[in-house]
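Text of protein_2.cif, listed as mmCIF, C-alpha atoms:
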```cif
data_coords
#
loop_
_atom_site.label_atom_id
_atom_site.label_comp_id
_atom_site.auth_asym_id
_atom_site.auth_seq_id
_atom_site.Cartn_x
_atom_site.Cartn_y
_atom_site.Cartn_z
CA MET H 1 198.70 133.25 60.40
CA SER H 2 198.85 135.54 57.35
CA PRO H 3 197.58 139.17 57.63
CA GLU H 4 194.69 138.33 55.28
CA LYS H 5 193.56 135.37 57.38
CA ARG H 6 193.97 137.42 60.57
CA SER H 7 191.76 140.12 59.05
CA ILE H 8 189.07 137.57 58.17
CA PHE H 9 189.17 136.14 61.70
CA LYS H 10 188.83 139.61 63.27
CA SER H 11 185.84 140.39 61.03
CA ILE H 12 183.88 137.41 62.38
CA GLY H 13 181.20 138.35 64.89
CA PRO H 14 177.78 139.81 64.05
CA GLY H 15 176.95 137.11 61.50
CA PHE H 16 177.58 134.39 64.07
CA ILE H 17 175.43 136.24 66.61
CA ILE H 18 172.49 136.36 64.20
CA ALA H 19 173.00 132.68 63.33
CA SER H 20 172.92 131.79 67.01
CA VAL H 21 169.57 133.50 67.62
CA VAL H 22 167.89 131.94 64.58
CA LEU H 23 169.18 128.47 65.47
CA GLY H 24 166.93 127.79 68.45
CA PRO H 25 165.29 124.58 69.63
CA GLY H 26 162.31 125.34 67.38
CA SER H 27 164.58 125.20 64.33
CA ILE H 28 166.08 121.91 65.44
CA THR H 29 162.65 120.41 66.22
CA VAL H 30 161.27 121.40 62.81
CA ALA H 31 164.36 120.13 60.99
CA SER H 32 164.28 116.84 62.92
CA ARG H 33 160.62 116.21 62.19
CA ILE H 34 160.79 117.11 58.50
CA GLY H 35 163.86 114.91 57.99
CA SER H 36 162.18 111.96 59.68
CA GLU H 37 158.93 112.39 57.70
CA HIS H 38 160.17 113.46 54.27
CA GLY H 39 163.79 112.39 54.15
CA TYR H 40 166.07 114.70 52.14
CA ALA H 41 163.27 116.07 49.94
CA PHE H 42 163.10 119.57 51.44
CA LEU H 43 166.76 120.45 51.82
CA TRP H 44 166.32 122.91 48.96
CA VAL H 45 163.97 125.01 51.12
CA ILE H 46 166.82 125.65 53.55
CA VAL H 47 168.91 126.97 50.64
CA VAL H 48 166.12 129.30 49.43
CA ALA H 49 165.34 130.58 52.93
CA ALA H 50 169.04 131.08 53.73
CA VAL H 51 169.59 133.11 50.54
CA SER H 52 166.61 135.31 51.42
CA MET H 53 167.91 135.74 54.96
CA ALA H 54 171.38 136.59 53.64
CA ILE H 55 169.99 139.31 51.37
CA TYR H 56 168.05 141.09 54.12
CA THR H 57 170.78 140.60 56.73
CA SER H 58 173.43 142.01 54.40
CA MET H 59 171.12 145.00 53.87
CA GLY H 60 171.14 145.52 57.63
CA ALA H 61 174.93 145.20 57.76
CA ARG H 62 175.33 147.68 54.90
CA PHE H 63 173.25 150.27 56.73
CA GLY H 64 175.16 149.68 59.96
CA VAL H 65 178.63 150.33 58.53
CA LEU H 66 177.49 153.52 56.77
CA HIS H 67 175.70 155.25 59.65
CA ASN H 68 176.21 156.16 63.29
CA GLU H 69 172.46 156.62 63.64
CA SER H 70 170.48 153.45 64.40
CA LEU H 71 168.25 151.88 61.76
CA LEU H 72 164.96 152.43 63.59
CA GLN H 73 165.93 156.00 64.42
CA SER H 74 166.59 156.56 60.72
CA ILE H 75 163.18 155.07 59.89
CA ALA H 76 161.59 157.38 62.48
CA ASN H 77 163.33 160.43 60.97
CA THR H 78 162.52 159.43 57.39
CA TYR H 79 159.03 157.93 57.59
CA GLY H 80 157.74 158.86 61.04
CA ARG H 81 158.09 157.63 64.61
CA TRP H 82 154.89 155.56 64.28
CA PHE H 83 156.59 153.29 61.73
CA ALA H 84 159.61 152.73 63.99
CA VAL H 85 157.30 152.03 66.96
CA LEU H 86 155.31 149.42 65.02
CA ILE H 87 158.51 147.66 63.90
CA GLY H 88 159.87 147.77 67.46
CA ILE H 89 156.65 146.24 68.84
CA SER H 90 156.66 143.57 66.11
CA ALA H 91 160.26 142.64 66.95
CA PHE H 92 159.50 142.56 70.69
CA LEU H 93 156.49 140.26 70.20
CA ALA H 94 158.49 137.99 67.88
CA ALA H 95 161.30 137.71 70.43
CA ALA H 96 158.89 137.15 73.33
CA SER H 97 157.04 134.42 71.44
CA PHE H 98 160.27 132.50 70.80
CA GLN H 99 161.44 132.56 74.43
CA PHE H 100 159.07 129.81 75.55
CA GLY H 101 160.63 127.40 73.06
CA ASN H 102 164.16 128.47 74.03
CA ASN H 103 163.52 127.73 77.71
CA LEU H 104 161.81 124.48 76.84
CA GLY H 105 164.81 123.44 74.73
CA ILE H 106 167.25 124.17 77.56
CA GLY H 107 165.16 122.13 79.98
CA ILE H 108 164.84 119.16 77.61
CA GLY H 109 168.52 119.16 76.64
CA MET H 110 169.85 119.45 80.18
CA LYS H 111 167.46 116.75 81.43
CA GLU H 112 168.81 114.34 78.80
CA ILE H 113 172.39 115.17 79.85
CA THR H 114 171.98 115.27 83.65
CA GLY H 115 168.75 113.42 84.41
CA LEU H 116 167.52 116.37 86.52
CA ASN H 117 164.00 117.80 86.17
CA GLU H 118 163.68 120.07 83.12
CA ARG H 119 161.84 122.80 85.06
CA ILE H 120 164.88 123.85 87.10
CA TRP H 121 167.05 124.70 84.08
CA PRO H 122 165.14 127.77 82.83
CA PHE H 123 165.73 129.33 86.28
CA ILE H 124 169.45 128.61 86.09
CA PHE H 125 170.08 129.72 82.51
CA THR H 126 167.83 132.78 82.70
CA SER H 127 169.71 133.85 85.83
CA LEU H 128 173.00 133.43 83.98
CA GLY H 129 171.62 135.54 81.13
CA ILE H 130 170.52 138.31 83.50
CA ILE H 131 173.94 138.37 85.17
CA LEU H 132 175.65 138.71 81.79
CA ILE H 133 173.32 141.47 80.61
CA PHE H 134 173.49 143.64 83.72
CA TRP H 135 177.09 143.09 84.84
CA ALA H 136 179.11 142.77 81.64
CA LYS H 137 181.13 145.93 81.01
CA ASN H 138 181.04 145.55 77.23
CA LEU H 139 178.04 143.35 76.49
CA TYR H 140 178.68 143.17 72.74
CA LYS H 141 182.16 141.67 73.14
CA VAL H 142 180.91 139.13 75.69
CA ILE H 143 178.00 138.10 73.46
CA GLU H 144 180.21 137.89 70.35
CA LYS H 145 182.72 135.53 71.99
CA LEU H 146 180.01 133.44 73.66
CA MET H 147 177.94 133.03 70.51
CA MET H 148 180.95 132.05 68.41
CA ILE H 149 181.62 129.28 70.93
CA MET H 150 177.97 128.19 70.92
CA VAL H 151 177.84 127.99 67.11
CA MET H 152 181.02 125.92 67.00
CA VAL H 153 179.64 123.57 69.70
CA MET H 154 176.49 123.10 67.57
CA ILE H 155 178.53 122.36 64.44
CA ILE H 156 180.74 119.80 66.24
CA ALA H 157 177.74 118.12 67.90
CA PHE H 158 175.60 117.82 64.77
CA VAL H 159 178.50 116.83 62.50
CA SER H 160 179.36 114.07 64.98
CA ASN H 161 175.80 112.75 64.82
CA LEU H 162 175.89 113.00 61.03
CA VAL H 163 179.03 110.85 60.84
CA MET H 164 177.25 108.10 62.78
CA THR H 165 174.26 108.05 60.44
CA LYS H 166 176.28 107.77 57.18
CA PRO H 167 173.83 109.55 54.83
CA ASN H 168 173.40 108.77 51.14
CA ILE H 169 175.37 111.52 49.37
CA ILE H 170 173.47 111.12 46.09
CA ALA H 171 170.12 111.42 47.88
CA VAL H 172 171.40 114.50 49.73
CA SER H 173 172.40 116.11 46.42
CA LYS H 174 168.97 115.42 44.94
CA GLY H 175 167.33 116.98 48.00
CA LEU H 176 169.10 120.27 47.26
CA LEU H 177 167.09 120.59 44.02
CA PRO H 178 163.45 121.80 44.23
CA HIS H 179 161.43 118.81 43.16
CA SER H 180 158.89 118.63 46.01
CA LEU H 181 156.90 121.81 45.38
CA SER H 182 153.11 121.70 45.73
CA PHE H 183 150.35 123.28 47.79
CA ASP H 184 150.11 120.04 49.75
CA HIS H 185 153.61 120.71 51.07
CA LEU H 186 153.08 124.37 51.96
CA ASP H 187 153.07 123.58 55.68
CA VAL H 188 156.53 121.97 55.42
CA ILE H 189 157.93 124.84 53.36
CA ALA H 190 156.42 127.46 55.69
CA ALA H 191 157.87 125.74 58.76
CA LEU H 192 161.40 125.62 57.32
CA VAL H 193 161.22 129.20 56.06
CA ALA H 194 159.99 130.40 59.46
CA THR H 195 162.94 128.81 61.26
CA THR H 196 165.55 130.25 58.87
CA PHE H 197 164.25 133.57 57.53
CA VAL H 198 163.96 135.69 60.72
CA LEU H 199 163.59 139.32 59.73
CA HIS H 200 164.01 141.05 63.08
CA GLY H 201 167.43 139.38 63.10
CA SER H 202 168.18 141.02 59.74
CA ILE H 203 167.42 144.47 61.13
CA TYR H 204 169.49 143.84 64.25
CA GLN H 205 172.53 143.05 62.13
CA SER H 206 172.87 146.82 61.60
CA TYR H 207 173.06 147.36 65.38
CA LEU H 208 175.65 144.62 65.79
CA ALA H 209 177.78 146.11 63.00
CA GLN H 210 177.69 149.48 64.80
CA ASP H 211 178.44 147.89 68.19
CA LYS H 212 181.47 146.18 66.68
CA GLY H 213 182.67 149.59 65.51
CA TRP H 214 182.55 148.93 61.78
CA LYS H 215 182.72 151.85 59.37
CA LEU H 216 182.63 152.26 55.59
CA SER H 217 186.13 150.75 55.32
CA ASN H 218 184.71 147.55 56.87
CA LEU H 219 181.87 147.21 54.35
CA LYS H 220 183.40 144.29 52.47
CA SER H 221 184.37 142.35 55.59
CA GLY H 222 180.99 143.11 57.19
CA VAL H 223 179.04 141.68 54.28
CA ARG H 224 181.40 138.69 54.19
CA ASP H 225 180.77 138.06 57.89
CA THR H 226 177.03 138.22 57.23
CA TYR H 227 177.21 135.61 54.49
CA MET H 228 179.42 133.40 56.63
CA GLY H 229 177.00 133.55 59.56
CA ILE H 230 173.97 132.74 57.40
CA PHE H 231 175.93 129.91 55.75
CA MET H 232 176.54 128.45 59.22
CA LEU H 233 172.83 128.85 59.97
CA GLY H 234 171.80 126.97 56.84
CA LEU H 235 174.52 124.35 57.31
CA ILE H 236 173.45 123.41 60.84
CA SER H 237 169.77 123.20 59.86
CA ALA H 238 170.74 120.99 56.91
CA LEU H 239 172.90 118.78 59.16
CA VAL H 240 169.93 118.09 61.44
CA ILE H 241 167.62 117.31 58.50
CA ILE H 242 170.20 114.99 56.91
CA THR H 243 170.85 113.19 60.22
CA SER H 244 167.13 112.65 60.79
CA ALA H 245 166.56 111.63 57.17
CA ALA H 246 169.40 109.10 57.22
CA ALA H 247 168.74 107.59 60.65
CA LEU H 248 164.96 107.73 61.09
CA HIS H 249 163.19 108.12 57.74
CA PRO H 250 164.17 104.67 56.34
CA LYS H 251 162.81 103.06 59.52
CA GLY H 252 159.50 104.95 59.36
CA ILE H 253 160.20 106.72 62.66
CA THR H 254 158.60 110.17 63.02
CA VAL H 255 159.77 112.62 65.68
CA ASN H 256 157.60 115.38 67.13
CA SER H 257 160.23 117.20 69.17
CA ALA H 258 163.97 117.56 69.68
CA ALA H 259 163.63 115.28 72.72
CA ASP H 260 162.19 112.56 70.48
CA MET H 261 165.14 112.99 68.14
CA ALA H 262 167.60 112.53 71.02
CA LEU H 263 165.83 109.39 72.23
CA GLN H 264 165.66 107.86 68.75
CA LEU H 265 169.36 108.51 68.21
CA GLU H 266 170.06 106.81 71.54
CA ALA H 267 168.02 103.78 70.48
CA LEU H 268 169.91 103.51 67.19
CA PHE H 269 173.46 104.52 68.12
CA GLY H 270 173.67 104.40 71.93
CA GLY H 271 173.68 106.94 74.75
CA PHE H 272 176.69 108.79 73.33
CA ALA H 273 174.64 109.95 70.32
CA LYS H 274 171.88 111.23 72.61
CA ILE H 275 174.32 113.18 74.77
CA ILE H 276 176.01 114.78 71.74
CA PHE H 277 172.67 115.80 70.24
CA SER H 278 171.49 117.17 73.61
CA ILE H 279 174.66 119.26 73.95
CA GLY H 280 173.98 120.79 70.53
CA LEU H 281 170.35 121.42 71.52
CA CYS H 282 171.41 123.17 74.75
CA ALA H 283 173.90 125.34 72.87
CA ALA H 284 171.20 126.31 70.39
CA ALA H 285 168.67 127.02 73.12
CA PHE H 286 170.94 129.12 75.36
CA SER H 287 172.43 131.15 72.52
CA SER H 288 168.97 131.87 71.12
CA LEU H 289 167.60 132.68 74.58
CA MET H 290 170.33 135.27 75.16
CA VAL H 291 170.48 137.04 71.81
CA ASN H 292 166.76 136.79 71.05
CA SER H 293 165.90 138.67 74.25
CA ILE H 294 168.56 141.31 73.61
CA MET H 295 167.28 141.86 70.06
CA GLY H 296 163.64 142.15 71.09
CA GLY H 297 164.40 144.47 74.00
CA GLY H 298 166.80 146.64 72.01
CA LEU H 299 164.55 147.06 68.99
CA LEU H 300 161.49 147.96 71.09
CA ALA H 301 163.49 150.53 73.08
CA ASP H 302 164.94 152.09 69.94
CA GLY H 303 161.57 152.08 68.18
CA LEU H 304 160.18 154.08 71.11
CA GLY H 305 163.20 156.40 71.06
CA LEU H 306 164.46 155.19 74.47
CA GLY H 307 167.96 154.04 73.55
CA ARG H 308 169.58 151.60 71.13
CA SER H 309 172.77 150.27 72.74
CA MET H 310 173.09 146.95 74.59
CA ASN H 311 174.56 149.01 77.41
CA ASP H 312 171.65 151.51 77.68
CA LYS H 313 169.10 151.25 80.49
CA MET H 314 165.78 150.75 78.67
CA PRO H 315 167.00 148.10 76.21
CA LYS H 316 168.20 146.14 79.26
CA VAL H 317 164.83 146.61 81.01
CA PHE H 318 162.87 145.33 77.99
CA THR H 319 165.38 142.48 77.60
CA LEU H 320 164.80 141.52 81.23
CA ILE H 321 161.02 141.46 80.64
CA ILE H 322 161.46 139.03 77.71
CA LEU H 323 163.80 136.79 79.72
CA LEU H 324 161.46 136.62 82.73
CA LEU H 325 158.37 136.15 80.56
CA GLY H 326 159.88 133.21 78.67
CA MET H 327 161.15 131.60 81.88
CA SER H 328 157.84 132.04 83.72
CA ILE H 329 155.77 130.48 80.93
CA ALA H 330 158.14 127.51 80.63
CA VAL H 331 158.22 126.86 84.39
CA PHE H 332 154.72 127.74 85.61
CA PHE H 333 152.39 127.40 82.62
CA ARG H 334 149.94 124.52 83.06
CA GLY H 335 147.40 125.26 80.34
CA ASN H 336 147.23 124.15 76.71
CA VAL H 337 150.88 124.58 75.65
CA ILE H 338 150.17 124.04 71.95
CA TYR H 339 147.44 126.68 71.96
CA ALA H 340 149.71 129.14 73.78
CA LEU H 341 152.51 128.60 71.30
CA ILE H 342 150.24 129.07 68.28
CA MET H 343 148.79 132.29 69.71
CA ALA H 344 152.25 133.60 70.56
CA GLN H 345 153.59 132.82 67.10
CA ALA H 346 150.50 134.37 65.48
CA SER H 347 150.96 137.56 67.48
CA SER H 348 154.44 138.02 66.04
CA ILE H 349 154.25 136.64 62.51
CA PHE H 350 151.87 139.29 61.19
CA GLY H 351 154.39 142.04 61.93
CA VAL H 352 157.15 140.37 59.90
CA PRO H 353 156.19 141.89 56.50
CA LEU H 354 156.24 145.31 58.16
CA ILE H 355 159.87 144.77 59.15
CA ALA H 356 160.73 143.73 55.58
CA ILE H 357 159.01 146.81 54.13
CA GLY H 358 160.84 149.17 56.50
CA LEU H 359 164.24 147.69 55.68
CA PHE H 360 163.51 147.62 51.94
CA LEU H 361 162.34 151.26 51.84
CA LEU H 362 165.31 152.53 53.82
CA LEU H 363 167.90 150.63 51.77
CA ASN H 364 166.40 152.05 48.55
CA ASN H 365 166.26 155.63 49.84
CA LYS H 366 168.88 157.67 47.98
CA LYS H 367 169.04 160.36 50.69
CA VAL H 368 169.81 157.74 53.32
CA MET H 369 172.03 155.29 51.42
CA GLY H 370 173.42 157.35 48.53
CA LYS H 371 175.37 155.21 46.08
CA PHE H 372 175.18 152.25 48.46
CA ARG H 373 171.45 151.72 48.07
CA ASN H 374 170.19 148.41 46.69
CA ASN H 375 171.01 147.50 43.12
CA LYS H 376 168.58 145.71 40.76
CA LEU H 377 169.73 142.21 41.69
CA GLN H 378 169.51 142.92 45.42
CA ASN H 379 166.03 144.35 44.97
CA ALA H 380 164.90 141.38 42.88
CA LEU H 381 166.11 138.95 45.56
CA ALA H 382 164.60 141.11 48.31
CA VAL H 383 161.21 141.13 46.55
CA PHE H 384 161.42 137.36 46.19
CA GLY H 385 162.14 137.09 49.92
CA PHE H 386 159.19 139.36 50.70
CA ILE H 387 156.87 137.18 48.61
CA LEU H 388 158.23 134.11 50.39
CA ILE H 389 157.59 135.58 53.84
CA SER H 390 154.13 136.82 52.77
CA ILE H 391 153.16 133.30 51.67
CA MET H 392 154.28 132.05 55.06
CA VAL H 393 152.18 134.70 56.83
CA TYR H 394 149.14 133.77 54.73
CA TYR H 395 149.62 130.11 55.59
CA MET H 396 149.99 130.87 59.31
CA TYR H 397 146.84 133.02 59.21
CA HIS H 398 144.90 130.20 57.55
CA LYS H 399 146.29 127.70 60.06
CA LEU H 400 145.35 129.96 62.99
CA VAL H 401 141.79 130.46 61.72
CA THR H 402 141.40 126.71 61.21
CA PHE H 403 142.77 125.96 64.67
CA ILE H 404 140.47 128.48 66.39
CA GLY H 405 137.46 127.16 64.41
CA THR H 406 138.26 123.60 65.51
CA ALA H 407 138.86 124.64 69.13
CA TRP H 408 135.50 126.42 69.31
#
```
Transcribe the structure of this file into structure tokens.
Amino acid sequence: MSPEKRSIFKSIGPGFIIASVVLGPGSITVASRIGSEHGYAFLWVIVVAAVSMAIYTSMGARFGVLHNESLLQSIANTYGRWFAVLIGISAFLAAASFQFGNNLGIGIGMKEITGLNERIWPFIFTSLGIILIFWAKNLYKVIEKLMMIMVMVMIIAFVSNLVMTKPNIIAVSKGLLPHSLSFDHLDVIAALVATTFVLHGSIYQSYLAQDKGWKLSNLKSGVRDTYMGIFMLGLISALVIITSAAALHPKGITVNSAADMALQLEALFGGFAKIIFSIGLCAAAFSSLMVNSIMGGGLLADGLGLGRSMNDKMPKVFTLIILLLGMSIAVFFRGNVIYALIMAQASSIFGVPLIAIGLFLLLNNKKVMGKFRNNKLQNALAVFGFILISIMVYYMYHKLVTFIGTAW
């Protein structure tokens, strides 16, 4: 292996970790359903959302390699502790709201593989997560290696399913161009954006860059790693949409969950296809369960000024709370699951613009970033991303109000 290739390989890490947390069972469910309903028509949304995610995540990486001080601590010093606390709480709520889906995905995937009841698997995988978090000597290195494996498992699984479906390449190419844009499709666009453009992940990229030990000399490789990770994120989401569009859309089959997708693939291509898809789903669910809880716990602790490292006490305590909360809801909750999920998502989504504003202000602050602050192109793309996420928040607010009005 040449020195250049060896350098690229060593620089891989944080980007894959962020990709693994964004690629949860919720992402796969949304991609499966949209592919089965609309075919290839909304592939372009994945591209737009991935570009927006890449811009904000690279902003986080750029801050991380330039500073020893954490991002939320810098926000507290520059704009006040209250701002850092609000961002920390927003990130914690976002992470907590996603844990139910992560546990549900693990249960569904493992049931399809083993035939055992889905309710036992959240206990098992949450216990494994707790052991890793509290007993690993260098948690970052363990997470980095584990998440790289999980991402590669997802790619192999979903590419294998894609090969079986034999998609129409011309139709795929057309789907990458925005030709399905209207207010009638805002729900589809919002769903895909929400599963790809995850802003608390963008902030946490700065922490991962610091945990990896990157400095100014690693700026180029750090940004490259970020783009590579987000490319993997967009690629896997696109693979699921294309598979669903090729296999299910022509037959008029609509899926409502990742479990439905696995069963439909089994009906069309045999049990092997179901097992492969379920393996990819489990990898997505476990990787997201682990990193999502670490991000939420770490950002809340740092926002409160109680520590920022994966190896500090309070980030681990808050991480444990998220893990146990997600497991408990998945195993013991017997109420209206849909209502609980909507309320959980609503509690987190309204804090997302706050995270974007904090990151944008800090990366444009000359005293903080010096000559490495955002340029005009980066700011233009960041503003576009903020508008995109704001539209999504508006849609979710409208959907929540409508749902509550109907329920009452």
Give me, as JSON lines, the closest atom pair and its distance (Å, one decimal) for every residue of range 208-266 of chain H within a cut-off of 12 Å of range 283-290 of chain H, counting all atoms listed in the file, rows sorted by chain and rising number.
```
{"residue": "H:Leu233", "atom": "CA", "partner": "H:Ala284", "partner_atom": "CA", "distance": 10.8}
{"residue": "H:Ile236", "atom": "CA", "partner": "H:Ala284", "partner_atom": "CA", "distance": 10.2}
{"residue": "H:Ser237", "atom": "CA", "partner": "H:Ala284", "partner_atom": "CA", "distance": 11.1}
{"residue": "H:Ala258", "atom": "CA", "partner": "H:Ala285", "partner_atom": "CA", "distance": 11.1}
```
Quick one: residues within 10 Å of range 262-276 of chain H, all atoms listed in the file counted, chain neighbours fewer than 3 positions away excluded, as an NGL selection string?
-> :H and (32 or 108-110 or 112-114 or 153-154 or 156-162 or 164-165 or 243-244 or 247-248 or 253-255 or 257-259 or 279-281)
Keeping only C-alpha atoms, write the selected residues to a file as a tab-separated table (two decimals), in the frame of the given file.
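Done, and the output landed in result.tsv:
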```tsv
chain	number	residue	atom	x	y	z
H	32	SER	CA	164.28	116.84	62.92
H	108	ILE	CA	164.84	119.16	77.61
H	109	GLY	CA	168.52	119.16	76.64
H	110	MET	CA	169.85	119.45	80.18
H	112	GLU	CA	168.81	114.34	78.80
H	113	ILE	CA	172.39	115.17	79.85
H	114	THR	CA	171.98	115.27	83.65
H	153	VAL	CA	179.64	123.57	69.70
H	154	MET	CA	176.49	123.10	67.57
H	156	ILE	CA	180.74	119.80	66.24
H	157	ALA	CA	177.74	118.12	67.90
H	158	PHE	CA	175.60	117.82	64.77
H	159	VAL	CA	178.50	116.83	62.50
H	160	SER	CA	179.36	114.07	64.98
H	161	ASN	CA	175.80	112.75	64.82
H	162	LEU	CA	175.89	113.00	61.03
H	164	MET	CA	177.25	108.10	62.78
H	165	THR	CA	174.26	108.05	60.44
H	243	THR	CA	170.85	113.19	60.22
H	244	SER	CA	167.13	112.65	60.79
H	247	ALA	CA	168.74	107.59	60.65
H	248	LEU	CA	164.96	107.73	61.09
H	253	ILE	CA	160.20	106.72	62.66
H	254	THR	CA	158.60	110.17	63.02
H	255	VAL	CA	159.77	112.62	65.68
H	257	SER	CA	160.23	117.20	69.17
H	258	ALA	CA	163.97	117.56	69.68
H	259	ALA	CA	163.63	115.28	72.72
H	279	ILE	CA	174.66	119.26	73.95
H	280	GLY	CA	173.98	120.79	70.53
H	281	LEU	CA	170.35	121.42	71.52
```
CA of Val47 in chain H and CA of Lys212 in chain H are how many Å apart?
->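 Computing it gives 28.0 Å between the two atoms.
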Which residues fall under the PyMOL selection byres ((chain H and resi 291) around 10) in this file, as a list in words?
->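 When the PyMOL selection byres ((chain H and resi 291) around 10) is applied to the shown file, the picked residues are Ile17, Ile18, Ala19, Ser20, Val21, Val22, Ala95, Gly129, Ile143, Glu144, Met147, Gly201, Phe286, Ser287, Ser288, Leu289, Met290, Asn292, Ser293, Ile294, Met295, Gly296, Gly297 and Thr319 of chain H.
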Could you pull the residues within 8 Å of Thr226 in chain H, counting all atoms listed in the file, minus those fewer than 5 positions along the same chain, as a list of chain:residue names?
-> H:Pro14, H:Gly15, H:Phe16, H:Ala54, H:Thr57, H:Ser58, H:Ala61
Ala31 in chain H surroundings by all atoms listed in the file, 9 Å radius, close-in-sequence under 6 positions cut, as number ranges by chain | H: 191-192, 195, 237-242, 244
Of the candidates H:Met261, H:Ile355, H:Leu71, H:Ile322, which one gets nearest to Ser36 in chain H if we count only C-alpha atoms?
->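 Closest to Ser36 in chain H of all the choices is H:Met261.
The gap separating CA of Leu72 in chain H from CA of Ser309 in chain H is 12.2 Å, in Å to one decimal.
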What is the CA of Trp121 in chain H-CA of Asn102 in chain H distance in Å, reported with one decimal?
->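 Rounded to one decimal, the two atoms are 11.1 Å apart.
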Residue with smallest distance to Leu300 in chain H - pool H:Ser52, H:Asn77, H:Ser90, H:Asn364, counting all atoms listed in the file | H:Ser90
Could you state which residues are captured by the PyMOL selection byres ((chain H and resi 43) around 8) in this file, as a PDB file with C-alpha atoms, keeping the file's coordinate frame?
```
ATOM      1  CA  TYR H  40     166.070 114.700  52.140  1.00  0.00           C
ATOM      2  CA  ALA H  41     163.270 116.070  49.940  1.00  0.00           C
ATOM      3  CA  PHE H  42     163.100 119.570  51.440  1.00  0.00           C
ATOM      4  CA  TRP H  44     166.320 122.910  48.960  1.00  0.00           C
ATOM      5  CA  VAL H  45     163.970 125.010  51.120  1.00  0.00           C
ATOM      6  CA  ILE H  46     166.820 125.650  53.550  1.00  0.00           C
ATOM      7  CA  VAL H  47     168.910 126.970  50.640  1.00  0.00           C
ATOM      8  CA  VAL H 172     171.400 114.500  49.730  1.00  0.00           C
ATOM      9  CA  GLY H 175     167.330 116.980  48.000  1.00  0.00           C
ATOM     10  CA  LEU H 176     169.100 120.270  47.260  1.00  0.00           C
ATOM     11  CA  LEU H 177     167.090 120.590  44.020  1.00  0.00           C
ATOM     12  CA  ALA H 238     170.740 120.990  56.910  1.00  0.00           C
ATOM     13  CA  ILE H 241     167.620 117.310  58.500  1.00  0.00           C
TER      14      ILE H 241
END
```
Every residue with an atom at most 10 Å from (170.6, 151.5, 65.9) (file coordinates; all atoms listed in the file) is what I'm after, so could you write them as a PDB file with C-alpha atoms, in the frame of the given file?
```pdb
ATOM      1  CA  PHE H  63     173.250 150.270  56.730  1.00  0.00           C
ATOM      2  CA  GLY H  64     175.160 149.680  59.960  1.00  0.00           C
ATOM      3  CA  HIS H  67     175.700 155.250  59.650  1.00  0.00           C
ATOM      4  CA  ASN H  68     176.210 156.160  63.290  1.00  0.00           C
ATOM      5  CA  GLU H  69     172.460 156.620  63.640  1.00  0.00           C
ATOM      6  CA  SER H  70     170.480 153.450  64.400  1.00  0.00           C
ATOM      7  CA  LEU H  71     168.250 151.880  61.760  1.00  0.00           C
ATOM      8  CA  LEU H  72     164.960 152.430  63.590  1.00  0.00           C
ATOM      9  CA  GLN H  73     165.930 156.000  64.420  1.00  0.00           C
ATOM     10  CA  SER H  74     166.590 156.560  60.720  1.00  0.00           C
ATOM     11  CA  ILE H 203     167.420 144.470  61.130  1.00  0.00           C
ATOM     12  CA  TYR H 204     169.490 143.840  64.250  1.00  0.00           C
ATOM     13  CA  GLN H 205     172.530 143.050  62.130  1.00  0.00           C
ATOM     14  CA  SER H 206     172.870 146.820  61.600  1.00  0.00           C
ATOM     15  CA  TYR H 207     173.060 147.360  65.380  1.00  0.00           C
ATOM     16  CA  LEU H 208     175.650 144.620  65.790  1.00  0.00           C
ATOM     17  CA  ALA H 209     177.780 146.110  63.000  1.00  0.00           C
ATOM     18  CA  GLN H 210     177.690 149.480  64.800  1.00  0.00           C
ATOM     19  CA  ASP H 211     178.440 147.890  68.190  1.00  0.00           C
ATOM     20  CA  GLY H 298     166.800 146.640  72.010  1.00  0.00           C
ATOM     21  CA  LEU H 299     164.550 147.060  68.990  1.00  0.00           C
ATOM     22  CA  ASP H 302     164.940 152.090  69.940  1.00  0.00           C
ATOM     23  CA  GLY H 303     161.570 152.080  68.180  1.00  0.00           C
ATOM     24  CA  GLY H 307     167.960 154.040  73.550  1.00  0.00           C
ATOM     25  CA  ARG H 308     169.580 151.600  71.130  1.00  0.00           C
ATOM     26  CA  SER H 309     172.770 150.270  72.740  1.00  0.00           C
TER      27      SER H 309
END
```
How would range 369-374 of chain H read, as a PDB file, in the frame of the given file, once N, CA and C atoms are built in?
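Contents of the output file part.pdb:
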```pdb
ATOM      1  N   MET H 369     170.982 156.236  51.793  1.00  0.00           N
ATOM      2  CA  MET H 369     172.030 155.290  51.420  1.00  0.00           C
ATOM      3  C   MET H 369     172.965 155.795  50.322  1.00  0.00           C
ATOM      4  N   GLY H 370     172.563 156.834  49.595  1.00  0.00           N
ATOM      5  CA  GLY H 370     173.420 157.350  48.530  1.00  0.00           C
ATOM      6  C   GLY H 370     173.726 156.289  47.489  1.00  0.00           C
ATOM      7  N   LYS H 371     174.977 156.175  47.121  1.00  0.00           N
ATOM      8  CA  LYS H 371     175.370 155.210  46.080  1.00  0.00           C
ATOM      9  C   LYS H 371     175.376 153.766  46.585  1.00  0.00           C
ATOM     10  N   PHE H 372     175.165 153.588  47.893  1.00  0.00           N
ATOM     11  CA  PHE H 372     175.180 152.250  48.460  1.00  0.00           C
ATOM     12  C   PHE H 372     173.783 151.654  48.624  1.00  0.00           C
ATOM     13  N   ARG H 373     172.796 152.302  48.013  1.00  0.00           N
ATOM     14  CA  ARG H 373     171.450 151.720  48.070  1.00  0.00           C
ATOM     15  C   ARG H 373     171.389 150.447  47.231  1.00  0.00           C
ATOM     16  N   ASN H 374     170.320 149.702  47.373  1.00  0.00           N
ATOM     17  CA  ASN H 374     170.190 148.410  46.690  1.00  0.00           C
ATOM     18  C   ASN H 374     170.330 148.543  45.176  1.00  0.00           C
TER      19      ASN H 374
END
```
